[in-house]
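Take a look at the structure below.
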Amino acid sequence: MKNVLEIKNVSKKIGKRQILKNISLEVKEGEIYGFVGPNGAGKTTLIKVMLGLYKSDSGIIKINGYDIKHNFENAMDSVGAIIENPEMYSYMTGKDNIDLYLRMNPNNDKEYVKDIIESVKLGNRINNKVRTYSLGMRQRLGIAQALVSKPKILILDEPTNGLDPLGIKELRDLLKKISREQNIAVFISSHILKEIELICDRIAIIDNGTILEVKDMNDIKEDKLQVSFELSPLDKAEEILKNKNVSFEIKENQLKISIPKEEIPKYNKLFVKEKIDVYQIRKDIKSLEDEFIEKTKGTKGQIK
């Protein structure tokens with residue numbers, strides 16, 4: 001698949017603070033890419049650099065093949081973006097807000113815009129004043145505005161802030177639909193790991209301005225398989241495993257082993273052979289939160 005966003009060795013200092021340190025990442029078309037880190041880790045700063053609101057000190061950013069330093073307008077033609085909460089005229093209807101944006105955009109395709117309004121589920125409220133909209137509805141209207149230009153990538157900074165559980169689910173379903181049906185890349189910055197885990201194909205973990213890891217979400221789940229054995233006696237099982245090349249711990253009176261799924265029967269047979277009673281075996285898959293804490297070691301970002 002084609003890379004829609006390419007970032008290579010981007011650094012940014014504000015005052016004496018080094019906010020971004022040699023950031024590099026790539027986002028492919030149709031991919032939902034999560035950019036996760038604690039508050040103040042540098043997420044919003046990178047997005048502002050990507051959108052030309054800040055200038056980087058070094059490095060290259062290309063959007064749809066265009067370098068933002070040399071072909072800024074062409075690069076931005078491929079971008080739809082919302083930083084924090086979408087801004088719109090509350091005294092106007094949702095449709096009037098979209099029409100206003102449409103008049104400033106060369107892709108004036110009214111049939112396409114009609115489809116966008118339906119896709120964000122605002123068809124029955126689009127002619128109501130925006131001041132009557134819930135936060136979730138305003139967020140969906142903001143995404144509709146961002147999609148009017150037929151972008152190749154949609155950039156969202158903390159899009160679930162302030163949304164209730166229903167609003168979060170609706171937004172999640174909408175972004176999946178957009179990426180799959182329109183082949184639009186979605187770049188989401190967030191510190192809410194559970195939401196990122198449910199929606200993203202790949203993630204980059206950033207802390208203190210440095211990317212610590214870029215990983216496929218499926219790989220995280222496969223790599224972090226942990227099996228809990230409820231057995232007795234625990235100390236005997238522990239002695240047996242000390243002679244094996246395997247990671248394990250005793251927690252809550254259970255033996256937890258990090259092994260591939262296919263090795264579960266082997267260890268079960270081993271314990272039975274050694275006259276250890278096995279009462280229960282449970283497969284636990286570590287979450288993105290576990291991965292995040294492991295990589296950041298529980299630290300909190302100190303920069304903004």
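Chain labels follow the order of the structure tokens: the first chain is A, the next B, and so on; residue numbering restarts at 1 in every chain, and ligands are counted from 1 in their shown order.
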Please identify all polymer residues within 8 Å of Ile257 (chain A), counting only C-alpha atoms, omitting same-chain residues fewer than 2 positions from it, and present them as a list in words.
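So the residues in contact are Gln226, Val227, Ser228, Phe229, Val246, Ser247, Phe248, Glu249, Leu255 and Ile259 of chain A.
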Expected file contents, prior selection, N, CA and C atoms, as a PDB file, in the first residue's frame:
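Output contents, as saved in again-v8.pdb:
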```pdb
ATOM      1  N   GLN A 226      -0.158 -14.444  27.638  1.00  0.00           N
ATOM      2  CA  GLN A 226       0.268 -14.942  28.943  1.00  0.00           C
ATOM      3  C   GLN A 226      -0.753 -15.982  29.409  1.00  0.00           C
ATOM      4  N   VAL A 227      -0.244 -17.086  29.957  1.00  0.00           N
ATOM      5  CA  VAL A 227      -1.116 -18.176  30.382  1.00  0.00           C
ATOM      6  C   VAL A 227      -1.045 -18.308  31.899  1.00  0.00           C
ATOM      7  N   SER A 228      -2.222 -18.332  32.530  1.00  0.00           N
ATOM      8  CA  SER A 228      -2.296 -18.487  33.981  1.00  0.00           C
ATOM      9  C   SER A 228      -2.654 -19.931  34.320  1.00  0.00           C
ATOM     10  N   PHE A 229      -1.812 -20.571  35.114  1.00  0.00           N
ATOM     11  CA  PHE A 229      -2.060 -21.930  35.590  1.00  0.00           C
ATOM     12  C   PHE A 229      -2.439 -21.869  37.073  1.00  0.00           C
ATOM     13  N   VAL A 246      11.971 -19.791  29.918  1.00  0.00           N
ATOM     14  CA  VAL A 246      10.631 -19.230  29.808  1.00  0.00           C
ATOM     15  C   VAL A 246      10.437 -18.157  30.878  1.00  0.00           C
ATOM     16  N   SER A 247       9.688 -17.108  30.533  1.00  0.00           N
ATOM     17  CA  SER A 247       9.408 -16.024  31.477  1.00  0.00           C
ATOM     18  C   SER A 247       8.156 -16.375  32.276  1.00  0.00           C
ATOM     19  N   PHE A 248       8.241 -16.260  33.612  1.00  0.00           N
ATOM     20  CA  PHE A 248       7.084 -16.585  34.444  1.00  0.00           C
ATOM     21  C   PHE A 248       7.101 -15.769  35.733  1.00  0.00           C
ATOM     22  N   GLU A 249       5.959 -15.737  36.407  1.00  0.00           N
ATOM     23  CA  GLU A 249       5.843 -15.080  37.711  1.00  0.00           C
ATOM     24  C   GLU A 249       4.736 -15.742  38.502  1.00  0.00           C
ATOM     25  N   LEU A 255       0.370 -19.342  38.691  1.00  0.00           N
ATOM     26  CA  LEU A 255       1.607 -19.305  37.927  1.00  0.00           C
ATOM     27  C   LEU A 255       1.307 -18.717  36.554  1.00  0.00           C
ATOM     28  N   ILE A 259       4.086 -17.684  27.051  1.00  0.00           N
ATOM     29  CA  ILE A 259       4.399 -18.725  26.062  1.00  0.00           C
ATOM     30  C   ILE A 259       3.456 -18.605  24.871  1.00  0.00           C
TER      31      ILE A 259
END
```
Ile60 (chain A) environment, 9 Å, only C-alpha atoms, sequence neighbours closer than 4 positions dropped, as a PDB file with C-alpha atoms, in the first residue's frame:
```pdb
ATOM      1  CA  GLU A   6       6.039  10.077   5.681  1.00  0.00           C
ATOM      2  CA  ILE A   7       7.901  11.685   8.562  1.00  0.00           C
ATOM      3  CA  LYS A   8      11.694  11.394   8.717  1.00  0.00           C
ATOM      4  CA  ASN A   9      13.928  12.621  11.547  1.00  0.00           C
ATOM      5  CA  VAL A  10      11.723  15.537  12.574  1.00  0.00           C
ATOM      6  CA  SER A  56      10.261  21.924  12.367  1.00  0.00           C
ATOM      7  CA  ASP A  67       7.098  17.864   0.941  1.00  0.00           C
ATOM      8  CA  ILE A  68       5.283  20.361   3.185  1.00  0.00           C
ATOM      9  CA  LYS A  69       8.253  22.749   3.112  1.00  0.00           C
TER      10      LYS A  69
END
```
Per-residue nearest contacts of region 53-162 of chain A to region 182-200 of chain A (6 Å; only C-alpha atoms) as a tab-separated table:
```
residue	atom	partner	partner_atom	distance
A:Lys152	CA	A:Ile184	CA	5.2
A:Ile153	CA	A:Ala185	CA	4.5
A:Leu154	CA	A:Val186	CA	4.8
A:Ile155	CA	A:Phe187	CA	4.8
A:Leu156	CA	A:Ile188	CA	4.9
A:Asp157	CA	A:Ser189	CA	4.8
A:Glu158	CA	A:Ser190	CA	4.7
```
Counting only C-alpha atoms, closest pick from A:Pro151, A:Pro265, A:Gly94, A:Gly40 relative to Ser78 (chain A) is A:Pro151
* Based on DSSP run over this structure's backbone, return all residues of region 109-237 of chain A in strand (DSSP E or B), as an MDAnalysis selection string. => chainID A and resid 129 153:157 185:190 202:207 210:216 225:232
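Across the structure, CA of Asp57 (chain A) and CA of Lys16 (chain A) are spaced 12.8 Å apart.
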Exercise for review: Check the DSSP output for the backbone and give back, as a ChimeraX atom specification, the residues of region 132-232 of chain A in alpha helix (DSSP H).
Suggested key: /A:135-147,165-182,193-199,217-223
In terms of only C-alpha atoms, the residue from A:Asn243, A:Ser179, A:Thr132, A:Asn208 at minimal distance from Lys21 (chain A) is A:Asn208
Judged by only C-alpha atoms, the minimum distance to Asp207 (chain A) among A:Ser24, A:Glu118, A:Lys12, A:Thr296 is found for A:Thr296
- request: Extract, using only C-alpha atoms, all DNA, RNA and protein residues at most 9 Å from Ile276 (chain A), discarding same-chain residues fewer than 4 positions from it, and format them as a list of chain:residue names.
  value: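 Contacts, in chain order: A:Leu231, A:Ser232, A:Pro233, A:Leu234, A:Lys236, A:Ala237, A:Leu270, A:Phe271, A:Val272.
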Selection above as a file: C-alpha atoms, as an mmCIF file, in the first residue's frame:
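Below is the file result.cif, written as the result:
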```cif
data_model
loop_
_atom_site.group_PDB
_atom_site.id
_atom_site.type_symbol
_atom_site.label_atom_id
_atom_site.label_comp_id
_atom_site.auth_asym_id
_atom_site.auth_seq_id
_atom_site.Cartn_x
_atom_site.Cartn_y
_atom_site.Cartn_z
ATOM 1 C CA LEU A 231 -2.066 -25.522 40.257
ATOM 2 C CA SER A 232 -0.562 -27.062 43.375
ATOM 3 C CA PRO A 233 2.049 -27.134 44.724
ATOM 4 C CA LEU A 234 3.186 -23.804 43.312
ATOM 5 C CA LYS A 236 7.351 -27.295 42.829
ATOM 6 C CA ALA A 237 6.101 -25.833 39.521
ATOM 7 C CA LEU A 270 4.832 -31.480 32.040
ATOM 8 C CA PHE A 271 3.067 -30.457 35.254
ATOM 9 C CA VAL A 272 0.866 -33.565 35.271
#
```
Report as a list in words all protein, DNA and RNA residues lying within 12 Å of Leu171 (chain A), evaluated on only C-alpha atoms, omitting residues in the same chain fewer than 6 positions from it.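 Result of the neighbour search: Ser119, Val120, Lys121, Leu135, Gly136, Met137, Arg138, Gln139, Arg140, Leu141, Gly142, Ile143, Ala144, Leu156, Glu158, Pro159, Thr160, Asn161, Leu163, Asp164, Pro165, Lys177, Ile178, Ile188, Glu195, Ile196, Leu198 and Ile199 of chain A.
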Dump as a PDB file, in the first residue's frame, selection limited to N, CA and C atoms:
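Generated file (part-v3.pdb):
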```pdb
ATOM      1  N   SER A 119     -23.160   9.475   5.972  1.00  0.00           N
ATOM      2  CA  SER A 119     -22.193   8.565   6.586  1.00  0.00           C
ATOM      3  C   SER A 119     -21.889   8.953   8.031  1.00  0.00           C
ATOM      4  N   VAL A 120     -21.978  10.257   8.360  1.00  0.00           N
ATOM      5  CA  VAL A 120     -21.728  10.683   9.745  1.00  0.00           C
ATOM      6  C   VAL A 120     -23.009  10.703  10.576  1.00  0.00           C
ATOM      7  N   LYS A 121     -24.100  10.198   9.970  1.00  0.00           N
ATOM      8  CA  LYS A 121     -25.391  10.025  10.666  1.00  0.00           C
ATOM      9  C   LYS A 121     -25.959  11.340  11.191  1.00  0.00           C
ATOM     10  N   LEU A 135     -21.998  17.233  21.909  1.00  0.00           N
ATOM     11  CA  LEU A 135     -20.583  17.268  21.572  1.00  0.00           C
ATOM     12  C   LEU A 135     -20.251  16.204  20.527  1.00  0.00           C
ATOM     13  N   GLY A 136     -20.862  15.021  20.667  1.00  0.00           N
ATOM     14  CA  GLY A 136     -20.628  13.952  19.711  1.00  0.00           C
ATOM     15  C   GLY A 136     -21.104  14.326  18.315  1.00  0.00           C
ATOM     16  N   MET A 137     -22.240  15.000  18.234  1.00  0.00           N
ATOM     17  CA  MET A 137     -22.753  15.438  16.934  1.00  0.00           C
ATOM     18  C   MET A 137     -21.852  16.502  16.322  1.00  0.00           C
ATOM     19  N   ARG A 138     -21.338  17.416  17.148  1.00  0.00           N
ATOM     20  CA  ARG A 138     -20.425  18.445  16.635  1.00  0.00           C
ATOM     21  C   ARG A 138     -19.120  17.806  16.139  1.00  0.00           C
ATOM     22  N   GLN A 139     -18.702  16.755  16.837  1.00  0.00           N
ATOM     23  CA  GLN A 139     -17.489  16.062  16.410  1.00  0.00           C
ATOM     24  C   GLN A 139     -17.712  15.401  15.046  1.00  0.00           C
ATOM     25  N   ARG A 140     -18.888  14.801  14.863  1.00  0.00           N
ATOM     26  CA  ARG A 140     -19.196  14.159  13.587  1.00  0.00           C
ATOM     27  C   ARG A 140     -19.362  15.191  12.476  1.00  0.00           C
ATOM     28  N   LEU A 141     -19.933  16.348  12.800  1.00  0.00           N
ATOM     29  CA  LEU A 141     -20.041  17.416  11.813  1.00  0.00           C
ATOM     30  C   LEU A 141     -18.647  17.919  11.432  1.00  0.00           C
ATOM     31  N   GLY A 142     -17.764  18.014  12.416  1.00  0.00           N
ATOM     32  CA  GLY A 142     -16.387  18.434  12.134  1.00  0.00           C
ATOM     33  C   GLY A 142     -15.692  17.461  11.199  1.00  0.00           C
ATOM     34  N   ILE A 143     -15.936  16.174  11.389  1.00  0.00           N
ATOM     35  CA  ILE A 143     -15.346  15.170  10.498  1.00  0.00           C
ATOM     36  C   ILE A 143     -15.939  15.296   9.099  1.00  0.00           C
ATOM     37  N   ALA A 144     -17.246  15.567   9.018  1.00  0.00           N
ATOM     38  CA  ALA A 144     -17.870  15.777   7.704  1.00  0.00           C
ATOM     39  C   ALA A 144     -17.214  16.953   6.992  1.00  0.00           C
ATOM     40  N   LEU A 156      -6.621  13.576  13.430  1.00  0.00           N
ATOM     41  CA  LEU A 156      -7.485  13.901  14.567  1.00  0.00           C
ATOM     42  C   LEU A 156      -6.665  13.937  15.850  1.00  0.00           C
ATOM     43  N   GLU A 158      -6.834  13.957  19.754  1.00  0.00           N
ATOM     44  CA  GLU A 158      -7.684  13.660  20.916  1.00  0.00           C
ATOM     45  C   GLU A 158      -9.172  13.766  20.554  1.00  0.00           C
ATOM     46  N   PRO A 159      -9.659  13.009  19.573  1.00  0.00           N
ATOM     47  CA  PRO A 159     -11.036  13.182  19.099  1.00  0.00           C
ATOM     48  C   PRO A 159     -12.119  12.737  20.068  1.00  0.00           C
ATOM     49  N   THR A 160     -11.785  11.915  21.074  1.00  0.00           N
ATOM     50  CA  THR A 160     -12.812  11.426  21.992  1.00  0.00           C
ATOM     51  C   THR A 160     -12.923  12.269  23.259  1.00  0.00           C
ATOM     52  N   ASN A 161     -12.131  13.343  23.375  1.00  0.00           N
ATOM     53  CA  ASN A 161     -12.201  14.195  24.570  1.00  0.00           C
ATOM     54  C   ASN A 161     -13.618  14.706  24.793  1.00  0.00           C
ATOM     55  N   LEU A 163     -16.395  13.119  25.074  1.00  0.00           N
ATOM     56  CA  LEU A 163     -17.507  12.322  24.544  1.00  0.00           C
ATOM     57  C   LEU A 163     -17.957  11.289  25.576  1.00  0.00           C
ATOM     58  N   ASP A 164     -19.263  11.018  25.593  1.00  0.00           N
ATOM     59  CA  ASP A 164     -19.779   9.951  26.444  1.00  0.00           C
ATOM     60  C   ASP A 164     -19.540   8.609  25.747  1.00  0.00           C
ATOM     61  N   PRO A 165     -19.766   7.476  26.444  1.00  0.00           N
ATOM     62  CA  PRO A 165     -19.478   6.162  25.843  1.00  0.00           C
ATOM     63  C   PRO A 165     -20.169   5.935  24.498  1.00  0.00           C
ATOM     64  N   LYS A 177     -15.439   2.923   9.233  1.00  0.00           N
ATOM     65  CA  LYS A 177     -16.186   2.949   7.973  1.00  0.00           C
ATOM     66  C   LYS A 177     -15.470   3.812   6.931  1.00  0.00           C
ATOM     67  N   ILE A 178     -15.012   4.981   7.353  1.00  0.00           N
ATOM     68  CA  ILE A 178     -14.319   5.907   6.442  1.00  0.00           C
ATOM     69  C   ILE A 178     -13.043   5.275   5.885  1.00  0.00           C
ATOM     70  N   ILE A 188      -4.681   9.197  14.424  1.00  0.00           N
ATOM     71  CA  ILE A 188      -5.346   9.594  15.668  1.00  0.00           C
ATOM     72  C   ILE A 188      -4.329   9.759  16.786  1.00  0.00           C
ATOM     73  N   GLU A 195      -9.406   3.088  23.689  1.00  0.00           N
ATOM     74  CA  GLU A 195     -10.023   3.445  22.408  1.00  0.00           C
ATOM     75  C   GLU A 195      -9.077   3.175  21.248  1.00  0.00           C
ATOM     76  N   ILE A 196      -7.807   3.493  21.428  1.00  0.00           N
ATOM     77  CA  ILE A 196      -6.807   3.239  20.389  1.00  0.00           C
ATOM     78  C   ILE A 196      -6.738   1.742  20.100  1.00  0.00           C
ATOM     79  N   LEU A 198      -9.026  -0.466  20.347  1.00  0.00           N
ATOM     80  CA  LEU A 198     -10.220  -0.979  19.671  1.00  0.00           C
ATOM     81  C   LEU A 198     -10.317  -0.573  18.209  1.00  0.00           C
ATOM     82  N   ILE A 199      -9.574   0.433  17.800  1.00  0.00           N
ATOM     83  CA  ILE A 199      -9.775   0.970  16.459  1.00  0.00           C
ATOM     84  C   ILE A 199      -8.565   0.880  15.543  1.00  0.00           C
TER      85      ILE A 199
END
```
Between CA of Leu51 (chain A) and CA of Phe72 (chain A) lies a distance of 9.0 Å
Spatial neighbours of Gln145 (chain A), 12 Å, only C-alpha atoms, chain gap at least 2 places, as a PDB file with N, CA, C and O atoms, in the first residue's frame:
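Written out: selection18.pdb:
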```
ATOM      1  N   VAL A  79      -5.222  16.705   3.018  1.00  0.00           N
ATOM      2  CA  VAL A  79      -5.410  16.598   4.470  1.00  0.00           C
ATOM      3  C   VAL A  79      -6.771  17.111   4.907  1.00  0.00           C
ATOM      4  O   VAL A  79      -7.239  18.163   4.473  1.00  0.00           O
ATOM      5  N   GLY A  80      -7.404  16.343   5.792  1.00  0.00           N
ATOM      6  CA  GLY A  80      -8.539  16.818   6.574  1.00  0.00           C
ATOM      7  C   GLY A  80      -8.122  16.711   8.027  1.00  0.00           C
ATOM      8  O   GLY A  80      -7.517  15.702   8.412  1.00  0.00           O
ATOM      9  N   ALA A  81      -8.376  17.718   8.846  1.00  0.00           N
ATOM     10  CA  ALA A  81      -7.842  17.688  10.214  1.00  0.00           C
ATOM     11  C   ALA A  81      -8.766  18.362  11.210  1.00  0.00           C
ATOM     12  O   ALA A  81      -9.471  19.327  10.881  1.00  0.00           O
ATOM     13  N   ILE A  82      -8.750  17.833  12.433  1.00  0.00           N
ATOM     14  CA  ILE A  82      -9.419  18.471  13.569  1.00  0.00           C
ATOM     15  C   ILE A  82      -8.443  18.433  14.740  1.00  0.00           C
ATOM     16  O   ILE A  82      -8.001  17.352  15.151  1.00  0.00           O
ATOM     17  N   PRO A  86     -13.762  20.592  17.131  1.00  0.00           N
ATOM     18  CA  PRO A  86     -13.983  21.286  15.858  1.00  0.00           C
ATOM     19  C   PRO A  86     -14.620  22.657  16.068  1.00  0.00           C
ATOM     20  O   PRO A  86     -15.496  22.823  16.921  1.00  0.00           O
ATOM     21  N   GLU A  87     -14.171  23.643  15.314  1.00  0.00           N
ATOM     22  CA  GLU A  87     -14.717  24.991  15.394  1.00  0.00           C
ATOM     23  C   GLU A  87     -15.764  25.191  14.299  1.00  0.00           C
ATOM     24  O   GLU A  87     -15.528  24.839  13.148  1.00  0.00           O
ATOM     25  N   MET A  88     -16.914  25.742  14.671  1.00  0.00           N
ATOM     26  CA  MET A  88     -17.964  26.017  13.690  1.00  0.00           C
ATOM     27  C   MET A  88     -18.886  27.109  14.226  1.00  0.00           C
ATOM     28  O   MET A  88     -18.817  27.479  15.410  1.00  0.00           O
ATOM     29  N   GLY A  94     -26.045  22.858  10.649  1.00  0.00           N
ATOM     30  CA  GLY A  94     -24.944  22.003  10.250  1.00  0.00           C
ATOM     31  C   GLY A  94     -24.702  22.081   8.750  1.00  0.00           C
ATOM     32  O   GLY A  94     -23.551  22.143   8.301  1.00  0.00           O
ATOM     33  N   LYS A  95     -25.796  22.099   7.977  1.00  0.00           N
ATOM     34  CA  LYS A  95     -25.679  22.166   6.521  1.00  0.00           C
ATOM     35  C   LYS A  95     -25.035  23.477   6.085  1.00  0.00           C
ATOM     36  O   LYS A  95     -24.190  23.503   5.177  1.00  0.00           O
ATOM     37  N   ASP A  96     -25.424  24.598   6.721  1.00  0.00           N
ATOM     38  CA  ASP A  96     -24.832  25.894   6.376  1.00  0.00           C
ATOM     39  C   ASP A  96     -23.334  25.915   6.665  1.00  0.00           C
ATOM     40  O   ASP A  96     -22.554  26.494   5.906  1.00  0.00           O
ATOM     41  N   ASN A  97     -22.911  25.281   7.765  1.00  0.00           N
ATOM     42  CA  ASN A  97     -21.490  25.214   8.087  1.00  0.00           C
ATOM     43  C   ASN A  97     -20.726  24.437   7.023  1.00  0.00           C
ATOM     44  O   ASN A  97     -19.646  24.851   6.597  1.00  0.00           O
ATOM     45  N   ILE A  98     -21.292  23.333   6.589  1.00  0.00           N
ATOM     46  CA  ILE A  98     -20.635  22.537   5.556  1.00  0.00           C
ATOM     47  C   ILE A  98     -20.614  23.286   4.228  1.00  0.00           C
ATOM     48  O   ILE A  98     -19.595  23.303   3.524  1.00  0.00           O
ATOM     49  N   ASP A  99     -21.717  23.932   3.883  1.00  0.00           N
ATOM     50  CA  ASP A  99     -21.775  24.692   2.626  1.00  0.00           C
ATOM     51  C   ASP A  99     -20.754  25.823   2.607  1.00  0.00           C
ATOM     52  O   ASP A  99     -20.153  26.114   1.568  1.00  0.00           O
ATOM     53  N   LEU A 100     -20.569  26.465   3.772  1.00  0.00           N
ATOM     54  CA  LEU A 100     -19.577  27.541   3.863  1.00  0.00           C
ATOM     55  C   LEU A 100     -18.178  27.005   3.572  1.00  0.00           C
ATOM     56  O   LEU A 100     -17.409  27.617   2.822  1.00  0.00           O
ATOM     57  N   TYR A 101     -17.886  25.858   4.131  1.00  0.00           N
ATOM     58  CA  TYR A 101     -16.582  25.241   3.905  1.00  0.00           C
ATOM     59  C   TYR A 101     -16.455  24.772   2.459  1.00  0.00           C
ATOM     60  O   TYR A 101     -15.396  24.867   1.845  1.00  0.00           O
ATOM     61  N   LEU A 102     -17.569  24.295   1.917  1.00  0.00           N
ATOM     62  CA  LEU A 102     -17.573  23.781   0.543  1.00  0.00           C
ATOM     63  C   LEU A 102     -17.251  24.870  -0.473  1.00  0.00           C
ATOM     64  O   LEU A 102     -16.574  24.619  -1.469  1.00  0.00           O
ATOM     65  N   ARG A 103     -17.735  26.083  -0.193  1.00  0.00           N
ATOM     66  CA  ARG A 103     -17.493  27.190  -1.129  1.00  0.00           C
ATOM     67  C   ARG A 103     -16.015  27.582  -1.190  1.00  0.00           C
ATOM     68  O   ARG A 103     -15.567  28.192  -2.155  1.00  0.00           O
ATOM     69  N   MET A 104     -15.271  27.218  -0.153  1.00  0.00           N
ATOM     70  CA  MET A 104     -13.835  27.529  -0.125  1.00  0.00           C
ATOM     71  C   MET A 104     -13.005  26.382  -0.677  1.00  0.00           C
ATOM     72  O   MET A 104     -11.778  26.441  -0.677  1.00  0.00           O
ATOM     73  N   ASN A 105     -13.675  25.315  -1.139  1.00  0.00           N
ATOM     74  CA  ASN A 105     -12.965  24.116  -1.548  1.00  0.00           C
ATOM     75  C   ASN A 105     -13.215  23.808  -3.014  1.00  0.00           C
ATOM     76  O   ASN A 105     -14.351  23.864  -3.476  1.00  0.00           O
ATOM     77  N   TYR A 112     -21.422  14.016  -3.410  1.00  0.00           N
ATOM     78  CA  TYR A 112     -20.447  13.451  -2.468  1.00  0.00           C
ATOM     79  C   TYR A 112     -20.705  13.979  -1.053  1.00  0.00           C
ATOM     80  O   TYR A 112     -20.679  13.231  -0.082  1.00  0.00           O
ATOM     81  N   VAL A 113     -20.977  15.288  -0.960  1.00  0.00           N
ATOM     82  CA  VAL A 113     -21.240  15.897   0.350  1.00  0.00           C
ATOM     83  C   VAL A 113     -22.499  15.299   0.973  1.00  0.00           C
ATOM     84  O   VAL A 113     -22.546  15.039   2.181  1.00  0.00           O
ATOM     85  N   LYS A 114     -23.494  15.047   0.168  1.00  0.00           N
ATOM     86  CA  LYS A 114     -24.724  14.410   0.666  1.00  0.00           C
ATOM     87  C   LYS A 114     -24.410  13.038   1.256  1.00  0.00           C
ATOM     88  O   LYS A 114     -24.924  12.669   2.325  1.00  0.00           O
ATOM     89  N   ILE A 116     -21.531  12.124   2.473  1.00  0.00           N
ATOM     90  CA  ILE A 116     -20.751  12.342   3.705  1.00  0.00           C
ATOM     91  C   ILE A 116     -21.683  12.624   4.878  1.00  0.00           C
ATOM     92  O   ILE A 116     -21.506  12.081   5.972  1.00  0.00           O
ATOM     93  N   ILE A 117     -22.672  13.461   4.661  1.00  0.00           N
ATOM     94  CA  ILE A 117     -23.629  13.795   5.725  1.00  0.00           C
ATOM     95  C   ILE A 117     -24.354  12.547   6.216  1.00  0.00           C
ATOM     96  O   ILE A 117     -24.563  12.356   7.417  1.00  0.00           O
ATOM     97  N   VAL A 120     -21.978  10.257   8.360  1.00  0.00           N
ATOM     98  CA  VAL A 120     -21.728  10.683   9.745  1.00  0.00           C
ATOM     99  C   VAL A 120     -23.009  10.703  10.576  1.00  0.00           C
ATOM    100  O   VAL A 120     -23.023  11.163  11.709  1.00  0.00           O
ATOM    101  N   ARG A 138     -21.338  17.416  17.148  1.00  0.00           N
ATOM    102  CA  ARG A 138     -20.425  18.445  16.635  1.00  0.00           C
ATOM    103  C   ARG A 138     -19.120  17.806  16.139  1.00  0.00           C
ATOM    104  O   ARG A 138     -18.552  18.242  15.140  1.00  0.00           O
ATOM    105  N   GLN A 139     -18.702  16.755  16.837  1.00  0.00           N
ATOM    106  CA  GLN A 139     -17.489  16.062  16.410  1.00  0.00           C
ATOM    107  C   GLN A 139     -17.712  15.401  15.046  1.00  0.00           C
ATOM    108  O   GLN A 139     -16.857  15.455  14.155  1.00  0.00           O
ATOM    109  N   ARG A 140     -18.888  14.801  14.863  1.00  0.00           N
ATOM    110  CA  ARG A 140     -19.196  14.159  13.587  1.00  0.00           C
ATOM    111  C   ARG A 140     -19.362  15.191  12.476  1.00  0.00           C
ATOM    112  O   ARG A 140     -18.972  14.957  11.331  1.00  0.00           O
ATOM    113  N   LEU A 141     -19.933  16.348  12.800  1.00  0.00           N
ATOM    114  CA  LEU A 141     -20.041  17.416  11.813  1.00  0.00           C
ATOM    115  C   LEU A 141     -18.647  17.919  11.432  1.00  0.00           C
ATOM    116  O   LEU A 141     -18.378  18.201  10.248  1.00  0.00           O
ATOM    117  N   GLY A 142     -17.764  18.014  12.416  1.00  0.00           N
ATOM    118  CA  GLY A 142     -16.387  18.434  12.134  1.00  0.00           C
ATOM    119  C   GLY A 142     -15.692  17.461  11.199  1.00  0.00           C
ATOM    120  O   GLY A 142     -14.960  17.869  10.290  1.00  0.00           O
ATOM    121  N   ILE A 143     -15.936  16.174  11.389  1.00  0.00           N
ATOM    122  CA  ILE A 143     -15.346  15.170  10.498  1.00  0.00           C
ATOM    123  C   ILE A 143     -15.939  15.296   9.099  1.00  0.00           C
ATOM    124  O   ILE A 143     -15.213  15.179   8.097  1.00  0.00           O
ATOM    125  N   LEU A 147     -13.890  16.025   5.635  1.00  0.00           N
ATOM    126  CA  LEU A 147     -13.938  15.094   4.510  1.00  0.00           C
ATOM    127  C   LEU A 147     -14.393  15.750   3.206  1.00  0.00           C
ATOM    128  O   LEU A 147     -14.277  15.147   2.140  1.00  0.00           O
ATOM    129  N   VAL A 148     -14.920  16.962   3.296  1.00  0.00           N
ATOM    130  CA  VAL A 148     -15.432  17.655   2.105  1.00  0.00           C
ATOM    131  C   VAL A 148     -14.365  17.780   1.022  1.00  0.00           C
ATOM    132  O   VAL A 148     -14.654  17.682  -0.178  1.00  0.00           O
ATOM    133  N   SER A 149     -13.121  17.965   1.416  1.00  0.00           N
ATOM    134  CA  SER A 149     -12.034  18.166   0.453  1.00  0.00           C
ATOM    135  C   SER A 149     -11.525  16.862  -0.160  1.00  0.00           C
ATOM    136  O   SER A 149     -10.553  16.875  -0.912  1.00  0.00           O
ATOM    137  N   LYS A 150     -12.187  15.743   0.165  1.00  0.00           N
ATOM    138  CA  LYS A 150     -11.761  14.424  -0.313  1.00  0.00           C
ATOM    139  C   LYS A 150     -10.291  14.155   0.028  1.00  0.00           C
ATOM    140  O   LYS A 150      -9.450  13.907  -0.848  1.00  0.00           O
ATOM    141  N   PRO A 151      -9.956  14.207   1.314  1.00  0.00           N
ATOM    142  CA  PRO A 151      -8.548  14.049   1.713  1.00  0.00           C
ATOM    143  C   PRO A 151      -8.050  12.618   1.562  1.00  0.00           C
ATOM    144  O   PRO A 151      -8.846  11.671   1.516  1.00  0.00           O
ATOM    145  N   LEU A 154      -6.921  11.752   7.220  1.00  0.00           N
ATOM    146  CA  LEU A 154      -7.690  12.493   8.213  1.00  0.00           C
ATOM    147  C   LEU A 154      -6.891  12.497   9.508  1.00  0.00           C
ATOM    148  O   LEU A 154      -6.558  11.436  10.050  1.00  0.00           O
TER     149      LEU A 154
END
```
